[in-house]
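So this block is entry24.pdb, PDB, C-alpha atoms:
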ATOM      1  CA  MET A   5     111.394 112.573 248.959  1.00  0.00           C
ATOM      2  CA  ASP A   6     113.539 109.684 247.737  1.00  0.00           C
ATOM      3  CA  THR A   7     111.366 108.308 244.962  1.00  0.00           C
ATOM      4  CA  CYS A   8     110.514 109.743 241.567  1.00  0.00           C
ATOM      5  CA  VAL A   9     107.814 108.528 239.174  1.00  0.00           C
ATOM      6  CA  ILE A  10     108.274 109.389 235.503  1.00  0.00           C
ATOM      7  CA  ILE A  11     105.216 109.332 233.248  1.00  0.00           C
ATOM      8  CA  PRO A  12     106.036 109.606 229.533  1.00  0.00           C
ATOM      9  CA  ALA A  13     103.370 111.636 227.728  1.00  0.00           C
ATOM     10  CA  ARG A  14     103.972 111.994 224.015  1.00  0.00           C
ATOM     11  CA  SER A  15     101.672 114.265 222.093  1.00  0.00           C
ATOM     12  CA  GLY A  16     102.644 113.099 218.627  1.00  0.00           C
ATOM     13  CA  SER A  17     100.430 110.242 217.567  1.00  0.00           C
ATOM     14  CA  LYS A  18      99.716 109.432 213.960  1.00  0.00           C
ATOM     15  CA  ALA A  19      96.112 108.475 214.673  1.00  0.00           C
ATOM     16  CA  ILE A  20      95.021 110.417 217.785  1.00  0.00           C
ATOM     17  CA  ARG A  21      96.467 113.848 218.549  1.00  0.00           C
ATOM     18  CA  ARG A  22      97.061 114.489 222.275  1.00  0.00           C
ATOM     19  CA  LYS A  23      95.677 111.075 223.139  1.00  0.00           C
ATOM     20  CA  ASN A  24      96.809 111.543 226.751  1.00  0.00           C
ATOM     21  CA  LEU A  25      93.993 114.074 227.186  1.00  0.00           C
ATOM     22  CA  ILE A  26      91.308 111.749 225.780  1.00  0.00           C
ATOM     23  CA  GLU A  27      88.777 110.848 228.460  1.00  0.00           C
ATOM     24  CA  VAL A  28      88.227 107.246 229.428  1.00  0.00           C
ATOM     25  CA  ALA A  29      85.417 106.726 231.958  1.00  0.00           C
ATOM     26  CA  ASP A  30      85.183 110.517 232.502  1.00  0.00           C
ATOM     27  CA  LYS A  31      88.914 111.101 233.190  1.00  0.00           C
ATOM     28  CA  PRO A  32      91.794 111.943 230.863  1.00  0.00           C
ATOM     29  CA  LEU A  33      94.443 109.223 230.516  1.00  0.00           C
ATOM     30  CA  LEU A  34      97.199 111.491 231.874  1.00  0.00           C
ATOM     31  CA  LEU A  35      95.163 112.319 234.989  1.00  0.00           C
ATOM     32  CA  ARG A  36      94.560 108.602 235.573  1.00  0.00           C
ATOM     33  CA  ALA A  37      98.305 107.921 235.379  1.00  0.00           C
ATOM     34  CA  ILE A  38      99.089 110.742 237.819  1.00  0.00           C
ATOM     35  CA  GLU A  39      96.424 109.558 240.273  1.00  0.00           C
ATOM     36  CA  ARG A  40      97.643 105.935 240.147  1.00  0.00           C
ATOM     37  CA  ALA A  41     101.224 107.065 240.743  1.00  0.00           C
ATOM     38  CA  ARG A  42     100.099 109.167 243.718  1.00  0.00           C
ATOM     39  CA  GLU A  43      98.139 106.216 245.160  1.00  0.00           C
ATOM     40  CA  ALA A  44     101.053 103.806 244.746  1.00  0.00           C
ATOM     41  CA  LEU A  45     103.759 106.162 246.021  1.00  0.00           C
ATOM     42  CA  PRO A  46     102.176 109.063 247.944  1.00  0.00           C
ATOM     43  CA  ASP A  47     105.488 110.731 248.859  1.00  0.00           C
ATOM     44  CA  ALA A  48     107.102 110.431 245.426  1.00  0.00           C
ATOM     45  CA  MET A  49     107.789 113.301 243.081  1.00  0.00           C
ATOM     46  CA  ILE A  50     105.683 112.778 239.949  1.00  0.00           C
ATOM     47  CA  LEU A  51     107.273 113.943 236.706  1.00  0.00           C
ATOM     48  CA  VAL A  52     105.524 114.034 233.350  1.00  0.00           C
ATOM     49  CA  SER A  53     107.986 113.841 230.475  1.00  0.00           C
ATOM     50  CA  THR A  54     106.615 115.788 227.505  1.00  0.00           C
ATOM     51  CA  VAL A  55     107.532 118.477 225.011  1.00  0.00           C
ATOM     52  CA  ASP A  56     103.891 119.498 224.489  1.00  0.00           C
ATOM     53  CA  PRO A  57     103.080 122.770 226.304  1.00  0.00           C
ATOM     54  CA  VAL A  58      99.393 121.829 226.633  1.00  0.00           C
ATOM     55  CA  LEU A  59     100.223 118.510 228.326  1.00  0.00           C
ATOM     56  CA  SER A  60     102.691 120.390 230.559  1.00  0.00           C
ATOM     57  CA  GLU A  61      99.940 122.771 231.690  1.00  0.00           C
ATOM     58  CA  TYR A  62      97.597 119.919 232.530  1.00  0.00           C
ATOM     59  CA  ALA A  63     100.346 118.043 234.381  1.00  0.00           C
ATOM     60  CA  HIS A  64     100.901 121.118 236.575  1.00  0.00           C
ATOM     61  CA  LEU A  65      97.153 121.534 237.151  1.00  0.00           C
ATOM     62  CA  TRP A  66      96.945 117.930 238.301  1.00  0.00           C
ATOM     63  CA  GLY A  67      99.873 118.197 240.725  1.00  0.00           C
ATOM     64  CA  ALA A  68     102.768 116.796 238.710  1.00  0.00           C
ATOM     65  CA  LYS A  69     105.896 118.506 237.451  1.00  0.00           C
ATOM     66  CA  ALA A  70     106.342 118.604 233.684  1.00  0.00           C
ATOM     67  CA  VAL A  71     109.824 118.177 232.261  1.00  0.00           C
ATOM     68  CA  GLY A  72     110.752 118.450 228.584  1.00  0.00           C
ATOM     69  CA  MET A  73     113.119 116.069 226.942  1.00  0.00           C
TER      70      MET A  73
END
Representation of the structure as structure tokens:
Amino acid sequence: MDTCVIIPARSGSKAIRRKNLIEVADKPLLLRAIERAREALPDAMILVSTVDPVLSEYAHLWGAKAVGM
């Protein structure tokens, strides 16, 4: 595994809390990002950069590794 994809997933939004979990066309935004990364680079390690424990849990459920910054 030579390639790494980093998906930034902030939870702090002034208008929409945890907007990365909001569904668009029946899928959360974070899941869409993880799926697109997997399609583009199937052998890459997918990292979700977040300090939100809830987003970290979902990242793990959807096959990515969550890392806090």
Task: Expansion of the PyMOL selection byres ((chain A and resi 17-25) around 9) into residues, as a PyMOL selection string - done: chain A and resi 13-16+26-27+31-35+56+58-59+62
- [ ] Excluding Ala68 (chain A) and residues on its chain fewer than 6 positions from it, collect all residues at most 8 Å away from it, counting all atoms listed in the file, and give them as a list in words.
- [x]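 So the residues in contact are Ile38, Met49, Ile50, Leu51 and Val52 of chain A.
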Please produce an output containing C-alpha atoms for each residue in the selection, written as a PDB file, keeping the file's coordinate frame.
ATOM      1  CA  ILE A  38      99.089 110.742 237.819  1.00  0.00           C
ATOM      2  CA  MET A  49     107.789 113.301 243.081  1.00  0.00           C
ATOM      3  CA  ILE A  50     105.683 112.778 239.949  1.00  0.00           C
ATOM      4  CA  LEU A  51     107.273 113.943 236.706  1.00  0.00           C
ATOM      5  CA  VAL A  52     105.524 114.034 233.350  1.00  0.00           C
TER       6      VAL A  52
END
Task: Nearest to Val55 (chain A), chosen from A:Glu43, A:Val28, A:Gly72, A:Arg36, with all atoms listed in the file counted in the distances - done: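 Between A:Glu43, A:Val28, A:Gly72, A:Arg36, the residue approaching Val55 (chain A) most closely is A:Gly72.
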- [ ] Please measure the separation of CA of Thr7 (chain A) and CA of Glu61 (chain A), giving the value in Å to one decimal.
- [x]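 Between CA of Thr7 (chain A) and CA of Glu61 (chain A) the gap works out to 22.7 Å.
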Open item on the list: Ranking A:Ala29, A:Pro12, A:His64, A:Asp6 by minimum distance to Asp47 (chain A) and counting all atoms listed in the file, which one comes first?
Closed with: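 Looking only at the distances to Asp47 (chain A), the closest residue turns out to be A:Asp6.
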Open item on the list: What's the separation between CA of Arg42 (chain A) and CA of Pro57 (chain A), in Å to one decimal place?
Closed with: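 If I compute the distance from CA of Arg42 (chain A) to CA of Pro57 (chain A), I get 22.3 Å.
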Open item on the list: Could you tell me how far CA of Lys69 (chain A) sits from CA of Ala44 (chain A), in Å to one decimal place?
Closed with: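 Those two atoms sit 17.1 Å apart.
Distances to Val71 (chain A) were evaluated for A:Pro46, A:Ala37, A:Ile11, A:Ser53 using only C-alpha atoms, and the minimum falls at A:Ser53.
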Is it possible to get the axis-aligned box enclosing region 10-28 of chain A (all listed atoms, 6 Å extra per side) as JSON, with centre and edge lengths in Å rounded to one decimal?
{"center_x": 98.3, "center_y": 110.9, "center_z": 224.7, "size_x": 32.0, "size_y": 19.2, "size_z": 33.5}
Because the input lacks atoms here, generate N, CA and C atoms for region 16-48 of chain A and report them as an mmCIF file, in the frame of the given file.
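Now in result-v4.cif:
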data_model
loop_
_atom_site.group_PDB
_atom_site.id
_atom_site.type_symbol
_atom_site.label_atom_id
_atom_site.label_comp_id
_atom_site.auth_asym_id
_atom_site.auth_seq_id
_atom_site.Cartn_x
_atom_site.Cartn_y
_atom_site.Cartn_z
ATOM 1 N N GLY A 16 102.643 113.422 220.044
ATOM 2 C CA GLY A 16 102.644 113.099 218.627
ATOM 3 C C GLY A 16 102.194 111.679 218.347
ATOM 4 N N SER A 17 100.957 111.536 217.964
ATOM 5 C CA SER A 17 100.430 110.242 217.567
ATOM 6 C C SER A 17 99.926 110.368 216.136
ATOM 7 N N LYS A 18 100.174 109.362 215.349
ATOM 8 C CA LYS A 18 99.716 109.432 213.960
ATOM 9 C C LYS A 18 98.194 109.388 213.872
ATOM 10 N N ALA A 19 97.561 108.657 214.766
ATOM 11 C CA ALA A 19 96.112 108.475 214.673
ATOM 12 C C ALA A 19 95.323 109.426 215.580
ATOM 13 N N ILE A 20 95.788 109.626 216.818
ATOM 14 C CA ILE A 20 95.021 110.417 217.785
ATOM 15 C C ILE A 20 95.924 111.491 218.385
ATOM 16 N N ARG A 21 95.665 112.735 218.035
ATOM 17 C CA ARG A 21 96.467 113.848 218.549
ATOM 18 C C ARG A 21 96.147 114.075 220.021
ATOM 19 N N ARG A 22 97.188 114.273 220.825
ATOM 20 C CA ARG A 22 97.061 114.489 222.275
ATOM 21 C C ARG A 22 96.198 113.420 222.936
ATOM 22 N N LYS A 23 96.480 112.184 222.612
ATOM 23 C CA LYS A 23 95.677 111.075 223.139
ATOM 24 C C LYS A 23 95.721 110.991 224.656
ATOM 25 N N ASN A 24 96.727 111.571 225.289
ATOM 26 C CA ASN A 24 96.809 111.543 226.751
ATOM 27 C C ASN A 24 95.740 112.406 227.415
ATOM 28 N N LEU A 25 95.081 113.252 226.642
ATOM 29 C CA LEU A 25 93.993 114.074 227.186
ATOM 30 C C LEU A 25 92.616 113.511 226.840
ATOM 31 N N ILE A 26 92.579 112.399 226.117
ATOM 32 C CA ILE A 26 91.308 111.749 225.780
ATOM 33 C C ILE A 26 90.722 111.145 227.049
ATOM 34 N N GLU A 27 89.432 111.368 227.254
ATOM 35 C CA GLU A 27 88.777 110.848 228.460
ATOM 36 C C GLU A 27 88.369 109.393 228.298
ATOM 37 N N VAL A 28 88.660 108.636 229.322
ATOM 38 C CA VAL A 28 88.227 107.246 229.428
ATOM 39 C C VAL A 28 87.505 107.150 230.761
ATOM 40 N N ALA A 29 86.234 106.777 230.737
ATOM 41 C CA ALA A 29 85.417 106.726 231.958
ATOM 42 C C ALA A 29 85.473 108.061 232.702
ATOM 43 N N ASP A 30 85.292 109.152 231.959
ATOM 44 C CA ASP A 30 85.183 110.517 232.502
ATOM 45 C C ASP A 30 86.472 111.099 233.062
ATOM 46 N N LYS A 31 87.639 110.522 232.752
ATOM 47 C CA LYS A 31 88.914 111.101 233.190
ATOM 48 C C LYS A 31 89.934 110.975 232.072
ATOM 49 N N PRO A 32 90.731 112.028 231.864
ATOM 50 C CA PRO A 32 91.794 111.943 230.863
ATOM 51 C C PRO A 32 92.850 110.897 231.265
ATOM 52 N N LEU A 33 93.452 110.267 230.257
ATOM 53 C CA LEU A 33 94.443 109.223 230.516
ATOM 54 C C LEU A 33 95.607 109.735 231.371
ATOM 55 N N LEU A 34 96.076 110.949 231.098
ATOM 56 C CA LEU A 34 97.199 111.491 231.874
ATOM 57 C C LEU A 34 96.814 111.675 233.341
ATOM 58 N N LEU A 35 95.620 112.163 233.602
ATOM 59 C CA LEU A 35 95.163 112.319 234.989
ATOM 60 C C LEU A 35 95.095 110.966 235.683
ATOM 61 N N ARG A 36 94.616 109.950 234.989
ATOM 62 C CA ARG A 36 94.560 108.602 235.573
ATOM 63 C C ARG A 36 95.955 108.112 235.965
ATOM 64 N N ALA A 37 96.936 108.347 235.090
ATOM 65 C CA ALA A 37 98.305 107.921 235.379
ATOM 66 C C ALA A 37 98.865 108.655 236.595
ATOM 67 N N ILE A 38 98.610 109.953 236.679
ATOM 68 C CA ILE A 38 99.089 110.742 237.819
ATOM 69 C C ILE A 38 98.429 110.272 239.110
ATOM 70 N N GLU A 39 97.130 110.033 239.077
ATOM 71 C CA GLU A 39 96.424 109.558 240.273
ATOM 72 C C GLU A 39 96.919 108.191 240.727
ATOM 73 N N ARG A 40 97.144 107.278 239.778
ATOM 74 C CA ARG A 40 97.643 105.935 240.147
ATOM 75 C C ARG A 40 99.040 106.022 240.747
ATOM 76 N N ALA A 41 99.874 106.890 240.197
ATOM 77 C CA ALA A 41 101.224 107.065 240.743
ATOM 78 C C ALA A 41 101.147 107.614 242.168
ATOM 79 N N ARG A 42 100.252 108.571 242.388
ATOM 80 C CA ARG A 42 100.099 109.167 243.718
ATOM 81 C C ARG A 42 99.567 108.141 244.717
ATOM 82 N N GLU A 43 98.662 107.268 244.279
ATOM 83 C CA GLU A 43 98.139 106.216 245.160
ATOM 84 C C GLU A 43 99.229 105.204 245.518
ATOM 85 N N ALA A 44 100.023 104.824 244.532
ATOM 86 C CA ALA A 44 101.053 103.806 244.746
ATOM 87 C C ALA A 44 102.214 104.332 245.585
ATOM 88 N N LEU A 45 102.609 105.569 245.333
ATOM 89 C CA LEU A 45 103.759 106.162 246.021
ATOM 90 C C LEU A 45 103.407 107.587 246.444
ATOM 91 N N PRO A 46 102.687 107.746 247.556
ATOM 92 C CA PRO A 46 102.176 109.063 247.944
ATOM 93 C C PRO A 46 103.241 110.136 248.171
ATOM 94 N N ASP A 47 104.444 109.744 248.565
ATOM 95 C CA ASP A 47 105.488 110.731 248.859
ATOM 96 C C ASP A 47 106.431 110.976 247.688
ATOM 97 N N ALA A 48 106.196 110.319 246.576
ATOM 98 C CA ALA A 48 107.102 110.431 245.426
ATOM 99 C C ALA A 48 106.860 111.718 244.650
#
